[in-house]
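S.K.: Next comes the structure file data.cif, holding mmCIF, C-alpha atoms and all ligand atoms.
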```
data_final
#
loop_
_atom_site.label_atom_id
_atom_site.label_comp_id
_atom_site.auth_asym_id
_atom_site.auth_seq_id
_atom_site.Cartn_x
_atom_site.Cartn_y
_atom_site.Cartn_z
CA MET A 1 14.19 19.79 -16.27
CA ASN A 2 11.82 19.29 -19.20
CA ILE A 3 11.24 22.64 -20.89
CA TYR A 4 8.34 21.34 -22.96
CA ASN A 5 6.45 20.14 -19.86
CA ASN A 6 7.21 23.35 -17.99
CA ILE A 7 5.83 25.54 -20.79
CA ASN A 8 2.68 23.43 -20.96
CA TYR A 9 2.28 23.57 -17.19
CA VAL A 10 2.54 27.38 -17.13
CA ARG A 11 0.25 27.70 -20.18
CA GLN A 12 -2.45 25.69 -18.43
CA ASN A 13 -2.52 28.30 -15.68
CA LEU A 14 -2.91 31.24 -18.09
CA PRO A 15 -5.99 32.54 -19.87
CA ALA A 16 -5.72 31.79 -23.61
CA GLN A 17 -5.28 35.46 -24.55
CA CYS A 18 -2.40 36.03 -22.10
CA THR A 19 1.01 36.08 -23.83
CA LEU A 20 3.67 33.88 -22.28
CA ILE A 21 7.13 35.42 -22.60
CA ALA A 22 9.77 32.77 -21.93
CA VAL A 23 12.57 34.69 -20.22
CA SER A 24 15.71 33.08 -21.64
CA LYS A 25 18.36 35.41 -20.15
CA THR A 26 21.58 33.53 -19.28
CA GLN A 27 20.24 30.38 -20.98
CA PRO A 28 22.37 28.86 -23.74
CA LEU A 29 21.07 28.67 -27.31
CA GLU A 30 20.39 24.95 -27.08
CA ARG A 31 17.83 25.43 -24.30
CA ILE A 32 16.06 28.15 -26.28
CA ARG A 33 16.06 25.81 -29.29
CA GLU A 34 14.44 23.18 -27.10
CA ALA A 35 11.61 25.60 -26.26
CA TYR A 36 11.42 26.63 -29.93
CA GLU A 37 11.08 23.01 -31.00
CA ALA A 38 8.30 22.61 -28.45
CA GLY A 39 6.50 25.30 -30.48
CA HIS A 40 7.30 28.39 -28.40
CA ARG A 41 8.10 31.60 -30.29
CA VAL A 42 8.10 34.41 -27.72
CA PHE A 43 11.26 35.05 -25.69
CA GLY A 44 12.52 37.79 -23.38
CA GLU A 45 16.03 38.98 -22.62
CA ASN A 46 17.33 41.73 -20.33
CA LYS A 47 20.74 42.52 -21.83
CA VAL A 48 21.22 44.10 -25.25
CA GLN A 49 24.37 42.21 -26.24
CA GLU A 50 22.84 38.86 -25.33
CA LEU A 51 19.59 39.73 -27.09
CA VAL A 52 21.38 40.65 -30.33
CA THR A 53 23.58 37.54 -30.26
CA LYS A 54 20.60 35.26 -29.74
CA TYR A 55 18.51 37.07 -32.37
CA GLU A 56 21.28 36.52 -34.92
CA ALA A 57 21.78 32.85 -34.04
CA LEU A 58 18.16 31.69 -33.84
CA PRO A 59 15.22 31.42 -36.29
CA ARG A 60 13.70 34.66 -37.55
CA ASP A 61 10.13 33.87 -36.55
CA ILE A 62 10.97 34.36 -32.86
CA GLN A 63 9.45 37.46 -31.23
CA TRP A 64 12.14 39.02 -29.05
CA HIS A 65 11.08 41.10 -26.04
CA MET A 66 13.53 43.42 -24.27
CA ILE A 67 12.41 43.15 -20.66
CA GLY A 68 15.26 44.71 -18.70
CA HIS A 69 16.59 48.16 -18.03
CA LEU A 70 17.72 49.65 -21.36
CA GLN A 71 20.56 52.17 -21.66
CA THR A 72 20.11 54.94 -24.23
CA ASN A 73 23.47 54.24 -25.90
CA LYS A 74 22.33 50.67 -26.73
CA VAL A 75 18.90 51.44 -28.15
CA ARG A 76 20.09 51.45 -31.76
CA TYR A 77 21.18 47.80 -31.67
CA ILE A 78 17.69 46.44 -30.97
CA VAL A 79 15.33 48.95 -32.61
CA PRO A 80 15.41 47.21 -36.03
CA PHE A 81 14.05 43.87 -34.80
CA VAL A 82 12.75 44.02 -31.23
CA HIS A 83 9.09 42.98 -30.90
CA LEU A 84 8.41 44.99 -27.74
CA ILE A 85 10.52 47.04 -25.31
CA HIS A 86 9.02 46.56 -21.83
CA GLY A 87 11.13 48.77 -19.59
CA VAL A 88 10.82 52.31 -20.92
CA ASP A 89 11.45 54.26 -17.74
CA THR A 90 12.67 57.78 -18.69
CA GLU A 91 11.79 60.45 -21.24
CA LYS A 92 15.40 60.47 -22.34
CA LEU A 93 15.04 56.81 -23.32
CA LEU A 94 11.74 57.53 -25.11
CA ALA A 95 13.41 60.31 -27.09
CA GLU A 96 16.26 58.02 -28.14
CA ILE A 97 13.94 55.15 -29.17
CA ASN A 98 11.95 57.71 -31.18
CA ARG A 99 15.12 59.02 -32.85
CA GLN A 100 16.38 55.55 -33.77
CA GLY A 101 12.90 54.49 -34.94
CA ALA A 102 12.66 57.55 -37.18
CA LYS A 103 16.01 56.71 -38.81
CA ILE A 104 14.68 53.38 -40.08
CA GLN A 105 11.04 54.50 -40.37
CA ARG A 106 9.83 52.10 -37.75
CA LYS A 107 7.27 52.86 -35.06
CA VAL A 108 8.86 50.96 -32.19
CA PRO A 109 6.43 49.11 -29.88
CA CYS A 110 7.08 49.94 -26.21
CA LEU A 111 5.57 49.65 -22.75
CA LEU A 112 5.99 52.36 -20.15
CA GLN A 113 7.39 50.93 -16.92
CA VAL A 114 5.54 51.98 -13.79
CA PHE A 115 7.13 51.88 -10.38
CA ILE A 116 4.70 49.94 -8.19
CA ALA A 117 7.00 48.21 -5.68
CA ARG A 118 8.13 49.25 -2.22
CA GLU A 119 11.81 48.67 -3.02
CA GLU A 120 14.19 51.55 -3.67
CA THR A 121 16.02 49.84 -6.51
CA LYS A 122 13.28 49.35 -9.10
CA PHE A 123 13.06 51.49 -12.23
CA GLY A 124 10.00 53.21 -13.62
CA PHE A 125 7.73 56.25 -13.74
CA SER A 126 5.37 57.05 -10.89
CA PRO A 127 1.64 56.79 -11.73
CA ASP A 128 1.42 60.61 -11.72
CA GLU A 129 4.33 60.88 -14.13
CA ILE A 130 2.64 58.37 -16.44
CA LEU A 131 -0.59 60.36 -16.44
CA ALA A 132 1.33 63.51 -17.37
CA LEU A 133 3.36 61.69 -20.02
CA ILE A 134 0.52 60.12 -22.02
CA PRO A 135 -0.70 63.36 -23.67
CA ALA A 136 2.96 64.28 -24.37
CA MET A 137 3.52 61.07 -26.35
CA GLU A 138 2.66 62.95 -29.53
CA LYS A 139 6.22 64.31 -29.36
CA TYR A 140 7.47 60.77 -30.08
CA PRO A 141 5.66 59.62 -33.25
CA ASN A 142 8.14 56.79 -33.88
CA VAL A 143 7.27 55.17 -30.57
CA ARG A 144 4.06 53.14 -30.23
CA ILE A 145 2.98 52.82 -26.64
CA MET A 146 1.22 49.44 -26.40
CA GLY A 147 0.61 49.57 -22.65
CA LEU A 148 2.26 49.40 -19.25
CA MET A 149 4.71 47.15 -17.42
CA GLY A 150 5.38 46.75 -13.71
CA MET A 151 7.19 44.59 -11.18
CA ALA A 152 5.77 43.90 -7.74
CA THR A 153 7.83 43.99 -4.57
CA PHE A 154 9.87 40.82 -3.99
CA THR A 155 8.03 39.60 -0.90
CA GLY A 156 6.10 36.63 0.40
CA ASP A 157 3.24 38.96 1.33
CA HIS A 158 0.64 38.02 -1.30
CA ALA A 159 -1.78 40.73 -0.21
CA GLN A 160 0.86 43.37 -0.91
CA ILE A 161 1.73 41.93 -4.34
CA GLN A 162 -1.97 41.72 -5.16
CA ARG A 163 -2.47 45.39 -4.14
CA GLU A 164 0.44 46.49 -6.32
CA PHE A 165 -0.85 44.62 -9.39
CA ALA A 166 -4.39 45.89 -8.77
CA GLY A 167 -3.03 49.45 -8.60
CA LEU A 168 -1.26 49.06 -11.92
CA LYS A 169 -4.40 47.60 -13.53
CA ALA A 170 -6.45 50.55 -12.23
CA LEU A 171 -3.94 53.00 -13.74
CA PHE A 172 -4.05 51.04 -17.04
CA ASP A 173 -7.87 51.14 -17.12
CA ASN A 174 -7.92 54.80 -16.19
CA ILE A 175 -5.60 55.73 -19.06
CA LYS A 176 -7.40 53.43 -21.48
CA SER A 177 -10.77 55.05 -20.77
CA GLY A 178 -9.43 58.55 -21.44
CA GLU A 179 -8.48 60.30 -24.65
CA LEU A 180 -5.35 58.81 -26.21
CA PRO A 181 -2.89 60.25 -28.73
CA PRO A 182 -2.74 58.23 -31.99
CA ASN A 183 0.45 56.43 -30.96
CA VAL A 184 -0.88 55.22 -27.60
CA GLU A 185 -2.97 52.02 -27.62
CA MET A 186 -3.13 50.54 -24.08
CA LYS A 187 -3.59 46.93 -25.16
CA GLU A 188 -0.95 45.19 -23.08
CA LEU A 189 -0.35 45.02 -19.35
CA SER A 190 2.94 43.20 -18.68
CA MET A 191 2.99 41.97 -15.11
CA GLY A 192 3.84 38.66 -13.46
CA MET A 193 7.00 36.53 -13.16
CA SER A 194 7.58 32.92 -12.04
CA GLY A 195 6.79 33.64 -8.39
CA ASP A 196 3.76 35.89 -8.78
CA TYR A 197 2.15 35.33 -12.18
CA ALA A 198 -1.00 33.71 -10.77
CA LEU A 199 -1.66 36.88 -8.78
CA ALA A 200 -0.86 39.06 -11.82
CA VAL A 201 -3.22 37.11 -14.08
CA ALA A 202 -6.00 37.37 -11.50
CA GLU A 203 -5.54 41.16 -11.60
CA GLY A 204 -5.74 41.35 -15.40
CA SER A 205 -2.23 40.83 -16.77
CA THR A 206 -2.06 40.28 -20.56
CA MET A 207 1.65 39.31 -20.66
CA VAL A 208 3.64 37.32 -18.14
CA ARG A 209 7.46 37.19 -18.17
CA ILE A 210 8.54 33.77 -16.92
CA GLY A 211 12.07 32.44 -16.66
CA THR A 212 12.74 30.12 -13.74
CA ALA A 213 9.45 28.23 -13.99
CA ILE A 214 10.33 27.29 -17.59
CA PHE A 215 14.13 26.95 -17.67
CA GLY A 216 14.94 26.25 -14.01
CA ASN A 217 17.29 28.29 -11.87
CA ARG A 218 19.72 30.61 -13.60
CA ASN A 219 23.43 30.55 -12.87
CA LEU A 220 23.47 32.61 -9.67
CA SER A 221 26.68 34.43 -10.59
CA GLN A 222 24.86 36.21 -13.44
CA PRO A 223 21.38 37.19 -12.19
C1 LIG A 301 14.43 37.86 -15.05
C2 LIG A 301 13.19 38.65 -15.25
C3 LIG A 301 11.93 38.01 -15.27
C4 LIG A 301 11.74 36.52 -15.05
O1 LIG A 301 11.99 36.17 -13.73
P1 LIG A 301 11.66 34.68 -13.19
O2 LIG A 301 11.50 34.88 -11.73
O3 LIG A 301 12.84 33.84 -13.54
O4 LIG A 301 10.43 34.22 -13.85
C5 LIG A 301 10.81 38.79 -15.50
N1 LIG A 301 10.90 40.12 -15.71
C6 LIG A 301 12.09 40.77 -15.69
C7 LIG A 301 12.11 42.23 -15.93
C8 LIG A 301 13.26 40.05 -15.45
O5 LIG A 301 14.43 40.71 -15.45
#
```
Translate this file's structure into structure tokens.
M.R.:
Amino acid sequence: MNIYNNINYVRQNLPAQCTLIAVSKTQPLERIREAYEAGHRVFGENKVQELVTKYEALPRDIQWHMIGHLQTNKVRYIVPFVHLIHGVDTEKLLAEINRQGAKIQRKVPCLLQVFIAREETKFGFSPDEILALIPAMEKYPNVRIMGLMGMATFTGDHAQIQREFAGLKALFDNIKSGELPPNVEMKELSMGMSGDYALAVAEGSTMVRIGTAIFGNRNLSQP
């Protein structure tokens, strides 16, 4: 498993302006250092404790993305340094990020997570909820909404995945073309993982979150 080659391979399949987030969850520090030494600076984690530990142990020029489900009681640990929170999925969470951001006078960059999959278990707002929420974002001046994030259904049916990504892109474009509060920018569309990033990029993704295709399989006991 050569991390350097894997990153270059994935990069070759991405448009230059698409951000590659190397999802390093469950990976030990030495493997992240290997990617860092290959020149990579953008990493994603899905657990707060692990994110904080890695942030403290590794060089400060890394951009850390929180890509997983975030509990309100853990927001305060990551607000000072996190580059982007991808999975904002409730108003309660928005309110807490806003409160913690205000305490340290930081406008915290976030993506609103949209539920686009068929599965019951995925987190996120419905497209209608997102449309209602955008004008209300003025209530949360210490949150900067940079765009949307979504996860397609885990399926081998490419047409379905493609439809889900296309739906999210249409919602993104629809919001972007309307009137936006000052703290909503709609620049980033985070969609695509190891198994479906080619489809996501074809539908207009600006950020892909890729773990397995860079670091290999994760320890299956800690998904
Ligand atoms: C783990 C994870 C990824 C990366 O998944 P791979 O299939 O390993 O590329 C992407 N996004 C989220 C939200 C994840 O939790």
S.K.: Using only C-alpha atoms, which protein or nucleic acid residues come within 8 Å of range 95-101 of chain A? Drop anything in the same chain fewer than 4 positions from it, and give the result as JSON, numbers by chain.
M.R.: {"A": [72, 75, 76, 79, 80, 91, 105, 106, 107, 108, 140, 141, 142, 143]}
S.K.: Quick one: residues within 6 Å of ligand LIG 301 (chain A), with all atoms listed in the file, as a list in words?
M.R.: Val23, Asn46, Ile67, Gly68, Met193, Ser194, Gly195, Arg209, Ile210, Gly211 and Thr212 of chain A
S.K.: Name the residues in contact with range 24-38 of chain A at a cut-off of 6 Å, using all atoms listed in the file, excluding same-chain residues fewer than 4 positions from it; report them as a list in words.
M.R.: Tyr4, Gly44 and Glu45 of chain A
S.K.: Could you please give me, as number ranges by chain, the residues of protein, DNA or RNA lying at most 9 Å from (13.9, 42.4, -27.0) in the coordinate frame of the file, considering only C-alpha atoms?
M.R.: A: 43-48, 51-52, 55, 63-68, 78-79, 81-86
S.K.: In Å, how far is it from CA of Asp89 in chain A to CA of Ala198 in chain A?
M.R.: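 About the pair CA of Asp89 in chain A and CA of Ala198 in chain A: they are 25.0 Å apart.
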S.K.: Taking all heavy atoms as the atom set, what does range 86-97 of chain A look like once completed, written as a compact mmCIF listing (two decimals), in the coordinates of the input?
M.R.:
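Dumped everything to out31.txt:
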```txt
# COMPACT_ATOMS: atom_id res chain seq x y z
N HIS A 86 9.89 46.48 -23.01
CA HIS A 86 9.02 46.56 -21.83
C HIS A 86 9.41 47.66 -20.84
O HIS A 86 8.56 48.17 -20.14
CB HIS A 86 9.04 45.23 -21.06
CG HIS A 86 8.32 44.12 -21.76
ND1 HIS A 86 7.29 43.43 -21.20
CD2 HIS A 86 8.49 43.60 -22.99
CE1 HIS A 86 6.86 42.51 -22.04
NE2 HIS A 86 7.56 42.58 -23.14
N GLY A 87 10.70 47.96 -20.74
CA GLY A 87 11.13 48.77 -19.59
C GLY A 87 11.42 50.22 -19.91
O GLY A 87 12.43 50.75 -19.47
N VAL A 88 10.55 50.90 -20.63
CA VAL A 88 10.82 52.31 -20.92
C VAL A 88 10.52 53.13 -19.67
O VAL A 88 9.38 53.19 -19.22
CB VAL A 88 9.99 52.80 -22.13
CG1 VAL A 88 10.26 54.28 -22.39
CG2 VAL A 88 10.32 51.97 -23.36
N ASP A 89 11.58 53.69 -19.08
CA ASP A 89 11.45 54.26 -17.74
C ASP A 89 11.89 55.72 -17.63
O ASP A 89 11.85 56.28 -16.53
CB ASP A 89 12.20 53.39 -16.72
CG ASP A 89 13.68 53.21 -17.08
OD1 ASP A 89 14.11 53.73 -18.13
OD2 ASP A 89 14.39 52.54 -16.32
N THR A 90 12.34 56.34 -18.73
CA THR A 90 12.67 57.78 -18.69
C THR A 90 12.26 58.42 -20.02
O THR A 90 12.15 57.74 -21.05
CB THR A 90 14.19 58.04 -18.52
OG1 THR A 90 14.88 57.48 -19.64
CG2 THR A 90 14.73 57.46 -17.22
N GLU A 91 12.09 59.75 -19.99
CA GLU A 91 11.79 60.45 -21.24
C GLU A 91 13.00 60.49 -22.15
O GLU A 91 12.86 60.51 -23.37
CB GLU A 91 11.26 61.86 -20.96
CG GLU A 91 9.76 61.90 -21.06
CD GLU A 91 9.19 63.27 -21.39
OE1 GLU A 91 8.92 63.99 -20.41
OE2 GLU A 91 8.99 63.60 -22.58
N LYS A 92 14.17 60.49 -21.55
CA LYS A 92 15.40 60.47 -22.34
C LYS A 92 15.46 59.19 -23.20
O LYS A 92 15.83 59.22 -24.38
CB LYS A 92 16.59 60.50 -21.37
CG LYS A 92 17.93 60.71 -22.00
CD LYS A 92 19.01 60.91 -20.93
CE LYS A 92 20.37 60.63 -21.51
NZ LYS A 92 21.15 59.66 -20.75
N LEU A 93 15.06 58.08 -22.60
CA LEU A 93 15.04 56.81 -23.32
C LEU A 93 13.96 56.84 -24.42
O LEU A 93 14.20 56.40 -25.55
CB LEU A 93 14.79 55.66 -22.33
CG LEU A 93 14.79 54.23 -22.89
CD1 LEU A 93 16.09 53.91 -23.61
CD2 LEU A 93 14.56 53.24 -21.75
N LEU A 94 12.81 57.39 -24.11
CA LEU A 94 11.74 57.53 -25.11
C LEU A 94 12.23 58.34 -26.31
O LEU A 94 11.99 57.97 -27.46
CB LEU A 94 10.56 58.31 -24.51
CG LEU A 94 9.43 57.53 -23.88
CD1 LEU A 94 8.47 58.51 -23.24
CD2 LEU A 94 8.73 56.65 -24.89
N ALA A 95 12.93 59.44 -26.02
CA ALA A 95 13.41 60.31 -27.09
C ALA A 95 14.41 59.57 -27.97
O ALA A 95 14.41 59.72 -29.20
CB ALA A 95 14.05 61.57 -26.49
N GLU A 96 15.25 58.76 -27.36
CA GLU A 96 16.26 58.02 -28.14
C GLU A 96 15.61 56.89 -28.97
O GLU A 96 15.97 56.68 -30.13
CB GLU A 96 17.34 57.46 -27.20
CG GLU A 96 18.40 56.62 -27.89
CD GLU A 96 19.23 57.34 -28.96
OE1 GLU A 96 19.11 58.58 -29.10
OE2 GLU A 96 19.98 56.64 -29.67
N ILE A 97 14.65 56.20 -28.40
CA ILE A 97 13.94 55.15 -29.17
C ILE A 97 13.23 55.81 -30.35
O ILE A 97 13.26 55.31 -31.48
CB ILE A 97 12.94 54.38 -28.27
CG1 ILE A 97 13.67 53.62 -27.16
CG2 ILE A 97 12.11 53.41 -29.12
CD1 ILE A 97 12.75 53.06 -26.07
```
